[in-house]
>>> print(open('my_file_8.pdb').read())   # PDB, C-alpha atoms, pLDDT in the B column
MODEL        1
ATOM      1  CA  MET K   9     -18.325 -10.673 -11.774  1.00 96.00           C
ATOM      2  CA  LEU K  10     -15.034 -10.150  -9.918  1.00 97.00           C
ATOM      3  CA  HIS K  11     -11.599 -10.629 -11.470  1.00 98.00           C
ATOM      4  CA  LEU K  12      -8.276  -9.966  -9.680  1.00 98.00           C
ATOM      5  CA  ARG K  13      -5.024  -9.608 -11.580  1.00 98.00           C
ATOM      6  CA  ARG K  14      -1.553  -8.129 -11.302  1.00 98.00           C
ATOM      7  CA  ALA K  15      -1.301  -4.596 -12.680  1.00 98.00           C
ATOM      8  CA  GLN K  16       0.244  -4.245 -16.141  1.00 98.00           C
ATOM      9  CA  ARG K  17       2.005  -1.256 -17.707  1.00 98.00           C
ATOM     10  CA  ALA K  18      -1.228  -0.438 -19.525  1.00 98.00           C
ATOM     11  CA  ASP K  19      -2.879   0.034 -16.102  1.00 98.00           C
ATOM     12  CA  LEU K  20      -0.682   2.927 -14.949  1.00 98.00           C
ATOM     13  CA  GLU K  21      -3.348   5.587 -15.510  1.00 98.00           C
ATOM     14  CA  THR K  22      -5.885   3.397 -13.712  1.00 98.00           C
ATOM     15  CA  VAL K  23      -3.529   2.887 -10.766  1.00 98.00           C
ATOM     16  CA  LEU K  24      -2.913   6.628 -10.499  1.00 98.00           C
ATOM     17  CA  GLU K  25      -6.676   7.275 -10.710  1.00 98.00           C
ATOM     18  CA  LEU K  26      -7.270   4.773  -7.885  1.00 98.00           C
ATOM     19  CA  ILE K  27      -4.504   6.345  -5.777  1.00 98.00           C
ATOM     20  CA  ARG K  28      -6.139   9.728  -6.258  1.00 98.00           C
ATOM     21  CA  GLY K  29      -9.534   8.255  -5.390  1.00 98.00           C
ATOM     22  CA  LEU K  30      -8.143   6.861  -2.142  1.00 98.00           C
ATOM     23  CA  ALA K  31      -6.389  10.124  -1.329  1.00 97.00           C
ATOM     24  CA  ASP K  32      -9.584  12.064  -1.968  1.00 97.00           C
ATOM     25  CA  TYR K  33     -11.532   9.731   0.335  1.00 96.00           C
ATOM     26  CA  GLU K  34      -8.862  10.185   3.035  1.00 95.00           C
ATOM     27  CA  LYS K  35      -8.905  13.975   2.535  1.00 94.00           C
ATOM     28  CA  LEU K  36      -5.253  13.814   1.446  1.00 96.00           C
ATOM     29  CA  LEU K  37      -5.489  14.524  -2.271  1.00 98.00           C
ATOM     30  CA  HIS K  38      -3.251  17.559  -1.778  1.00 97.00           C
ATOM     31  CA  GLU K  39      -0.427  15.189  -0.781  1.00 96.00           C
ATOM     32  CA  VAL K  40      -0.433  13.161  -4.007  1.00 98.00           C
ATOM     33  CA  ASP K  41       2.502  14.061  -6.208  1.00 97.00           C
ATOM     34  CA  ALA K  42       3.058  10.612  -7.734  1.00 98.00           C
ATOM     35  CA  SER K  43       3.305  10.642 -11.503  1.00 98.00           C
ATOM     36  CA  LEU K  44       2.838   7.975 -14.142  1.00 98.00           C
ATOM     37  CA  ALA K  45       6.628   7.900 -14.541  1.00 98.00           C
ATOM     38  CA  ASP K  46       7.042   7.342 -10.781  1.00 98.00           C
ATOM     39  CA  LEU K  47       4.601   4.440 -10.827  1.00 98.00           C
ATOM     40  CA  GLN K  48       6.172   2.972 -13.961  1.00 98.00           C
ATOM     41  CA  ALA K  49       9.615   3.060 -12.333  1.00 98.00           C
ATOM     42  CA  ALA K  50       8.345   1.535  -9.080  1.00 98.00           C
ATOM     43  CA  LEU K  51       5.999  -1.158 -10.356  1.00 98.00           C
ATOM     44  CA  PHE K  52       7.854  -2.230 -13.477  1.00 98.00           C
ATOM     45  CA  ALA K  53      11.529  -1.935 -12.579  1.00 97.00           C
ATOM     46  CA  GLU K  54      13.819  -4.842 -13.418  1.00 97.00           C
ATOM     47  CA  HIS K  55      13.492  -5.926  -9.774  1.00 97.00           C
ATOM     48  CA  PRO K  56      10.350  -4.208  -8.476  1.00 98.00           C
ATOM     49  CA  ARG K  57      10.011  -3.636  -4.754  1.00 97.00           C
ATOM     50  CA  VAL K  58       6.316  -2.781  -4.834  1.00 98.00           C
ATOM     51  CA  PHE K  59       3.417  -4.635  -6.421  1.00 98.00           C
ATOM     52  CA  CYS K  60      -0.170  -3.854  -7.375  1.00 98.00           C
ATOM     53  CA  GLU K  61      -3.257  -6.015  -7.752  1.00 98.00           C
ATOM     54  CA  ILE K  62      -6.193  -4.666  -9.769  1.00 98.00           C
ATOM     55  CA  ALA K  63      -9.771  -5.661  -8.983  1.00 98.00           C
ATOM     56  CA  GLU K  64     -12.202  -5.572 -11.872  1.00 98.00           C
ATOM     57  CA  TRP K  65     -15.963  -5.858 -11.619  1.00 98.00           C
ATOM     58  CA  ASN K  66     -17.675  -6.832 -14.877  1.00 97.00           C
ATOM     59  CA  GLY K  67     -14.576  -5.738 -16.782  1.00 97.00           C
ATOM     60  CA  GLN K  68     -14.314  -2.299 -15.135  1.00 97.00           C
ATOM     61  CA  SER K  69     -11.557  -1.254 -12.734  1.00 98.00           C
ATOM     62  CA  ALA K  70     -13.138  -1.265  -9.290  1.00 98.00           C
ATOM     63  CA  GLY K  71     -10.233  -1.167  -6.854  1.00 98.00           C
ATOM     64  CA  PHE K  72      -6.651  -2.023  -6.091  1.00 98.00           C
ATOM     65  CA  ALA K  73      -4.199  -3.230  -3.495  1.00 98.00           C
ATOM     66  CA  LEU K  74      -0.631  -1.902  -3.529  1.00 98.00           C
ATOM     67  CA  TRP K  75       1.822  -3.846  -1.378  1.00 98.00           C
ATOM     68  CA  PHE K  76       5.449  -4.725  -0.702  1.00 98.00           C
ATOM     69  CA  TYR K  77       7.490  -7.159   1.351  1.00 98.00           C
ATOM     70  CA  ASN K  78       8.780  -6.089   4.738  1.00 97.00           C
ATOM     71  CA  PHE K  79      10.750  -8.021   7.341  1.00 97.00           C
ATOM     72  CA  SER K  80      10.101  -8.937  10.953  1.00 95.00           C
ATOM     73  CA  THR K  81      13.216  -9.375  13.047  1.00 96.00           C
ATOM     74  CA  PHE K  82      11.048 -10.910  15.773  1.00 95.00           C
ATOM     75  CA  ARG K  83       9.597 -13.518  13.394  1.00 95.00           C
ATOM     76  CA  GLY K  84      12.828 -13.903  11.421  1.00 97.00           C
ATOM     77  CA  ARG K  85      10.911 -13.822   8.145  1.00 97.00           C
ATOM     78  CA  HIS K  86       9.496 -11.497   5.575  1.00 98.00           C
ATOM     79  CA  GLY K  87       5.953 -10.239   5.789  1.00 97.00           C
ATOM     80  CA  LEU K  88       3.620  -8.432   3.473  1.00 97.00           C
ATOM     81  CA  TYR K  89       2.753  -4.783   4.026  1.00 97.00           C
ATOM     82  CA  LEU K  90      -0.392  -3.466   2.382  1.00 98.00           C
ATOM     83  CA  GLU K  91       0.327   0.169   1.563  1.00 98.00           C
ATOM     84  CA  ASP K  92      -3.047   0.935   0.013  1.00 97.00           C
ATOM     85  CA  LEU K  93      -6.378  -0.805  -0.448  1.00 98.00           C
ATOM     86  CA  PHE K  94      -9.176   1.040  -2.179  1.00 98.00           C
ATOM     87  CA  VAL K  95     -12.481   0.127  -3.755  1.00 98.00           C
ATOM     88  CA  LYS K  96     -14.355   2.793  -5.682  1.00 98.00           C
ATOM     89  CA  PRO K  97     -17.532   3.803  -3.825  1.00 97.00           C
ATOM     90  CA  GLU K  98     -19.834   2.584  -6.597  1.00 97.00           C
ATOM     91  CA  TYR K  99     -18.349  -0.935  -6.329  1.00 98.00           C
ATOM     92  CA  ARG K 100     -18.439  -1.316  -2.565  1.00 96.00           C
ATOM     93  CA  GLY K 101     -20.618  -4.024  -1.081  1.00 95.00           C
ATOM     94  CA  HIS K 102     -19.615  -6.676  -3.635  1.00 97.00           C
ATOM     95  CA  GLY K 103     -16.850  -8.263  -1.533  1.00 96.00           C
ATOM     96  CA  ILE K 104     -14.050  -6.710  -3.585  1.00 98.00           C
ATOM     97  CA  GLY K 105     -12.075  -5.449  -0.581  1.00 96.00           C
ATOM     98  CA  SER K 106     -12.428  -8.826   1.115  1.00 96.00           C
ATOM     99  CA  ALA K 107     -11.315 -10.588  -2.057  1.00 97.00           C
ATOM    100  CA  LEU K 108      -8.185  -8.440  -2.323  1.00 98.00           C
ATOM    101  CA  LEU K 109      -7.314  -9.142   1.326  1.00 97.00           C
ATOM    102  CA  VAL K 110      -7.947 -12.885   0.981  1.00 96.00           C
ATOM    103  CA  HIS K 111      -5.828 -12.930  -2.184  1.00 98.00           C
ATOM    104  CA  LEU K 112      -2.910 -11.314  -0.330  1.00 97.00           C
ATOM    105  CA  ALA K 113      -3.426 -13.480   2.768  1.00 97.00           C
ATOM    106  CA  ARG K 114      -3.161 -16.550   0.545  1.00 97.00           C
ATOM    107  CA  ARG K 115       0.109 -15.197  -0.835  1.00 97.00           C
ATOM    108  CA  CYS K 116       1.374 -14.824   2.739  1.00 96.00           C
ATOM    109  CA  VAL K 117       0.455 -18.401   3.607  1.00 97.00           C
ATOM    110  CA  ALA K 118       1.853 -19.818   0.344  1.00 97.00           C
ATOM    111  CA  GLU K 119       5.165 -17.969   0.837  1.00 97.00           C
ATOM    112  CA  ASN K 120       5.352 -18.714   4.591  1.00 96.00           C
ATOM    113  CA  LEU K 121       5.436 -15.013   5.390  1.00 97.00           C
ATOM    114  CA  GLY K 122       5.450 -14.063   9.059  1.00 95.00           C
ATOM    115  CA  ARG K 123       2.659 -11.503   8.988  1.00 95.00           C
ATOM    116  CA  PHE K 124       0.312  -9.363   6.925  1.00 97.00           C
ATOM    117  CA  GLU K 125      -0.118  -5.796   8.100  1.00 96.00           C
ATOM    118  CA  TRP K 126      -1.348  -2.337   7.167  1.00 96.00           C
ATOM    119  CA  ALA K 127      -2.278   0.989   8.713  1.00 94.00           C
ATOM    120  CA  VAL K 128      -5.708   2.623   8.956  1.00 93.00           C
ATOM    121  CA  LEU K 129      -6.564   6.238   9.678  1.00 91.00           C
ATOM    122  CA  ASP K 130      -8.045   6.516  13.167  1.00 91.00           C
ATOM    123  CA  TRP K 131     -11.209   8.280  11.925  1.00 93.00           C
ATOM    124  CA  ASN K 132     -11.983   5.681   9.250  1.00 93.00           C
ATOM    125  CA  THR K 133     -14.549   3.723  11.242  1.00 94.00           C
ATOM    126  CA  PRO K 134     -15.944   1.814   8.211  1.00 93.00           C
ATOM    127  CA  ALA K 135     -12.459   0.498   7.407  1.00 93.00           C
ATOM    128  CA  LEU K 136     -11.652  -0.254  11.063  1.00 94.00           C
ATOM    129  CA  ASP K 137     -14.902  -2.201  11.430  1.00 95.00           C
ATOM    130  CA  PHE K 138     -14.350  -4.014   8.125  1.00 93.00           C
ATOM    131  CA  TYR K 139     -10.829  -5.106   9.059  1.00 94.00           C
ATOM    132  CA  ALA K 140     -11.944  -6.190  12.531  1.00 94.00           C
ATOM    133  CA  SER K 141     -14.678  -8.332  10.930  1.00 94.00           C
ATOM    134  CA  LEU K 142     -11.930 -10.184   9.058  1.00 92.00           C
ATOM    135  CA  GLY K 143      -9.969 -10.890  12.232  1.00 94.00           C
ATOM    136  CA  ALA K 144      -7.415  -8.086  11.951  1.00 95.00           C
ATOM    137  CA  GLU K 145      -6.054  -6.870  15.271  1.00 93.00           C
ATOM    138  CA  ALA K 146      -5.523  -3.148  15.760  1.00 92.00           C
ATOM    139  CA  LYS K 147      -2.025  -2.589  17.153  1.00 91.00           C
ATOM    140  CA  LYS K 148      -2.762   0.458  19.266  1.00 88.00           C
ATOM    141  CA  GLU K 149       0.529   0.399  21.101  1.00 89.00           C
ATOM    142  CA  TRP K 150       2.473   1.124  17.883  1.00 87.00           C
ATOM    143  CA  TRP K 151       2.517   4.702  16.610  1.00 86.00           C
ATOM    144  CA  PRO K 152       3.584   5.188  12.998  1.00 87.00           C
ATOM    145  CA  HIS K 153       6.259   7.808  12.409  1.00 89.00           C
ATOM    146  CA  ARG K 154       7.190   9.503   9.162  1.00 90.00           C
ATOM    147  CA  VAL K 155       9.875  11.869   7.959  1.00 94.00           C
ATOM    148  CA  THR K 156       9.290  13.568   4.591  1.00 90.00           C
ATOM    149  CA  GLY K 157      10.132  16.695   2.615  1.00 89.00           C
ATOM    150  CA  ASN K 158      12.420  19.233   4.274  1.00 94.00           C
ATOM    151  CA  ALA K 159      12.535  17.257   7.525  1.00 95.00           C
ATOM    152  CA  LEU K 160      13.864  14.237   5.594  1.00 91.00           C
ATOM    153  CA  LYS K 161      16.478  16.380   3.865  1.00 92.00           C
ATOM    154  CA  ALA K 162      17.530  17.912   7.200  1.00 92.00           C
ATOM    155  CA  LEU K 163      17.836  14.484   8.819  1.00 92.00           C
ATOM    156  CA  ALA K 164      19.931  13.172   5.920  1.00 89.00           C
ATOM    157  CA  ALA K 165      22.173  16.251   6.064  1.00 90.00           C
ATOM    158  CA  ARG K 166      23.102  15.805   9.741  1.00 91.00           C
ATOM    159  CA  ASP K 167      26.820  15.574  10.361  1.00 90.00           C
ATOM    160  CA  ILE K 168      27.534  12.400  12.317  1.00 90.00           C
ATOM    161  CA  PRO K 169      31.153  11.579  13.252  1.00 91.00           C
ATOM    162  CA  GLY K 170      32.276   8.426  11.442  1.00 91.00           C
ATOM    163  CA  LEU K 171      29.476   8.624   8.870  1.00 93.00           C
ATOM    164  CA  PRO K 172      30.439   9.721   5.351  1.00 92.00           C
ATOM    165  CA  ALA K 173      29.030  13.056   4.200  1.00 87.00           C
ATOM    166  CA  PRO K 174      25.679  12.763   2.408  1.00 83.00           C
ATOM    167  CA  PRO K 175      25.675  12.711  -1.386  1.00 78.00           C
ATOM    168  CA  GLN K 176      24.820  16.042  -2.984  1.00 76.00           C
ATOM    169  CA  PRO K 177      21.648  16.140  -5.118  1.00 68.00           C
TER
ENDMDL
END
>>> encode(input="my_file_8.pdb", output="C-alpha cells")
Amino acid sequence: MLHLRRAQRADLETVLELIRGLADYEKLLHEVDASLADLQAALFAEHPRVFCEIAEWNGQSAGFALWFYNFSTFRGRHGLYLEDLFVKPEYRGHGIGSALLVHLARRCVAENLGRFEWAVLDWNTPALDFYASLGAEAKKEWWPHRVTGNALKALAARDIPGLPAPPQP
C-alpha cells in the first residue's frame, strides 16, 4: 500500500540514500557530495527553500520527490520545480512515480501556481516516455546551463565596474 508524506528530520539518511540511488541510476554518483548536515540545513531551516516528499510502499521507503518554488516572469506567478524524482527499482510499476507527480500537481493547482516543471536526461527514455504519458511537454528549445565549482568561483570573482568586490571566503 502506498503512503506519501513530507520528509521529517528522522528521514535524512533515507533522503540521502535515495539521492545516491538516483545519482547511481543517472551514472552521476561521483558528483554527489551532499551530506546529512547539508540536507538538514536545507530541508529543516527556519524558512526552508526546498521540500521533500517521501513515498512509502507497505511501510518501506520506496522513493522521493525533492522540489522548490520558482517564479515565472511570463506568468507573473510562482511555479513548482521538481529537482529530483526517484523510485527504487524494486518498487517501480506500482504507480509511485505517478502518485508523487499527481501529489505535486495538486499542490500547484491548490496554490494557483503558474507551472510545474523539471528536467530529464536526454538518454533516459523510460523517464521521457513516462512523463509524456502524463501529458508533460518536452521543452526542447530550452537548454539548461550550469556553473559550478571553480567556474562558479571565477564568475563570482570577476571585477565589474560599479559592483562591490565579492566577499572573501
>>> residues_around(input="my_file_8.pdb", residues="K:Gln16", least_positions_apart="3", cutoff="10 Å", atoms="all atoms listed in the file", output="list in words")
Arg13, Asp19, Leu20, Val23, Gln48, Leu51, Phe52, Cys60, Glu61 and Ile62 of chain K
>>> write_last_selection(input="my_file_8.pdb", atoms="C-alpha atoms", output="PDB file, in the frame of the given file")
ATOM      1  CA  ARG K  13      -5.024  -9.608 -11.580  1.00 98.00           C
ATOM      2  CA  ASP K  19      -2.879   0.034 -16.102  1.00 98.00           C
ATOM      3  CA  LEU K  20      -0.682   2.927 -14.949  1.00 98.00           C
ATOM      4  CA  VAL K  23      -3.529   2.887 -10.766  1.00 98.00           C
ATOM      5  CA  GLN K  48       6.172   2.972 -13.961  1.00 98.00           C
ATOM      6  CA  LEU K  51       5.999  -1.158 -10.356  1.00 98.00           C
ATOM      7  CA  PHE K  52       7.854  -2.230 -13.477  1.00 98.00           C
ATOM      8  CA  CYS K  60      -0.170  -3.854  -7.375  1.00 98.00           C
ATOM      9  CA  GLU K  61      -3.257  -6.015  -7.752  1.00 98.00           C
ATOM     10  CA  ILE K  62      -6.193  -4.666  -9.769  1.00 98.00           C
TER      11      ILE K  62
END
>>> resolve_selection(input="my_file_8.pdb", expression="the PyMOL selection byres ((chain K and resi 86) around 7)", output="list in words")
Tyr77, Asn78, Phe79, Ser80, Arg85, Gly87, Leu88, Leu121 and Gly122 of chain K
>>> atom_distance(input="my_file_8.pdb", atom1="atom CA of K:Gln68", atom2="atom CA of K:Arg14")
14.5 Å
>>> closest_residue(input="my_file_8.pdb", among="K:Leu90, K:Ala63, K:Leu74, K:Ala144", to="K:Ala50", atoms="all atoms listed in the file")
K:Leu74
>>> closest_residue(input="my_file_8.pdb", among="K:Ala49, K:Ala164, K:Ala140, K:Leu26", to="K:Phe94", atoms="all atoms listed in the file")
K:Leu26
>>> atom_distance(input="my_file_8.pdb", atom1="atom CA of K:Tyr33", atom2="atom CA of K:Asp46")
21.8 Å
>>> closest_residue(input="my_file_8.pdb", among="K:Trp65, K:Trp151, K:Phe138, K:Trp131", to="K:Ser106", atoms="all atoms listed in the file")
K:Phe138
>>> decode(input="my_file_8.pdb", residues="stretch 48-89 of chain K", atoms="C-alpha atoms", output="tab-separated table (two decimals), in the first residue's frame")
chain	number	residue	atom	x	y	z
K	48	GLN	CA	19.32	19.04	7.43
K	49	ALA	CA	20.19	22.70	6.83
K	50	ALA	CA	18.28	22.83	3.53
K	51	LEU	CA	15.14	20.87	4.39
K	52	PHE	CA	14.68	21.91	8.00
K	53	ALA	CA	15.83	25.52	8.14
K	54	GLU	CA	13.61	28.05	9.89
K	55	HIS	CA	12.34	29.07	6.44
K	56	PRO	CA	13.18	26.15	4.14
K	57	ARG	CA	13.51	26.81	0.43
K	58	VAL	CA	13.44	23.17	-0.62
K	59	PHE	CA	10.99	20.42	0.29
K	60	CYS	CA	10.90	16.63	0.12
K	61	GLU	CA	8.06	14.14	-0.15
K	62	ILE	CA	8.72	10.51	0.81
K	63	ALA	CA	6.85	7.65	-0.82
K	64	GLU	CA	6.45	4.51	1.25
K	65	TRP	CA	5.24	1.16	-0.01
K	66	ASN	CA	4.00	-1.18	2.73
K	67	GLY	CA	5.89	0.89	5.29
K	68	GLN	CA	9.23	0.85	3.42
K	69	SER	CA	10.82	3.89	1.78
K	70	ALA	CA	10.29	3.45	-1.94
K	71	GLY	CA	11.01	6.84	-3.47
K	72	PHE	CA	11.03	10.59	-3.11
K	73	ALA	CA	10.37	13.90	-4.77
K	74	LEU	CA	12.53	16.91	-3.89
K	75	TRP	CA	11.17	20.26	-5.05
K	76	PHE	CA	11.18	24.02	-4.59
K	77	TYR	CA	9.25	27.07	-5.72
K	78	ASN	CA	10.47	29.03	-8.71
K	79	PHE	CA	8.98	32.07	-10.43
K	80	SER	CA	7.80	32.74	-13.96
K	81	THR	CA	8.06	36.35	-15.04
K	82	PHE	CA	5.94	35.49	-18.08
K	83	ARG	CA	3.15	34.02	-15.93
K	84	GLY	CA	3.64	36.52	-13.11
K	85	ARG	CA	3.37	33.75	-10.53
K	86	HIS	CA	5.38	31.16	-8.72
K	87	GLY	CA	5.72	27.65	-10.05
K	88	LEU	CA	6.98	24.39	-8.68
K	89	TYR	CA	10.28	22.93	-9.85
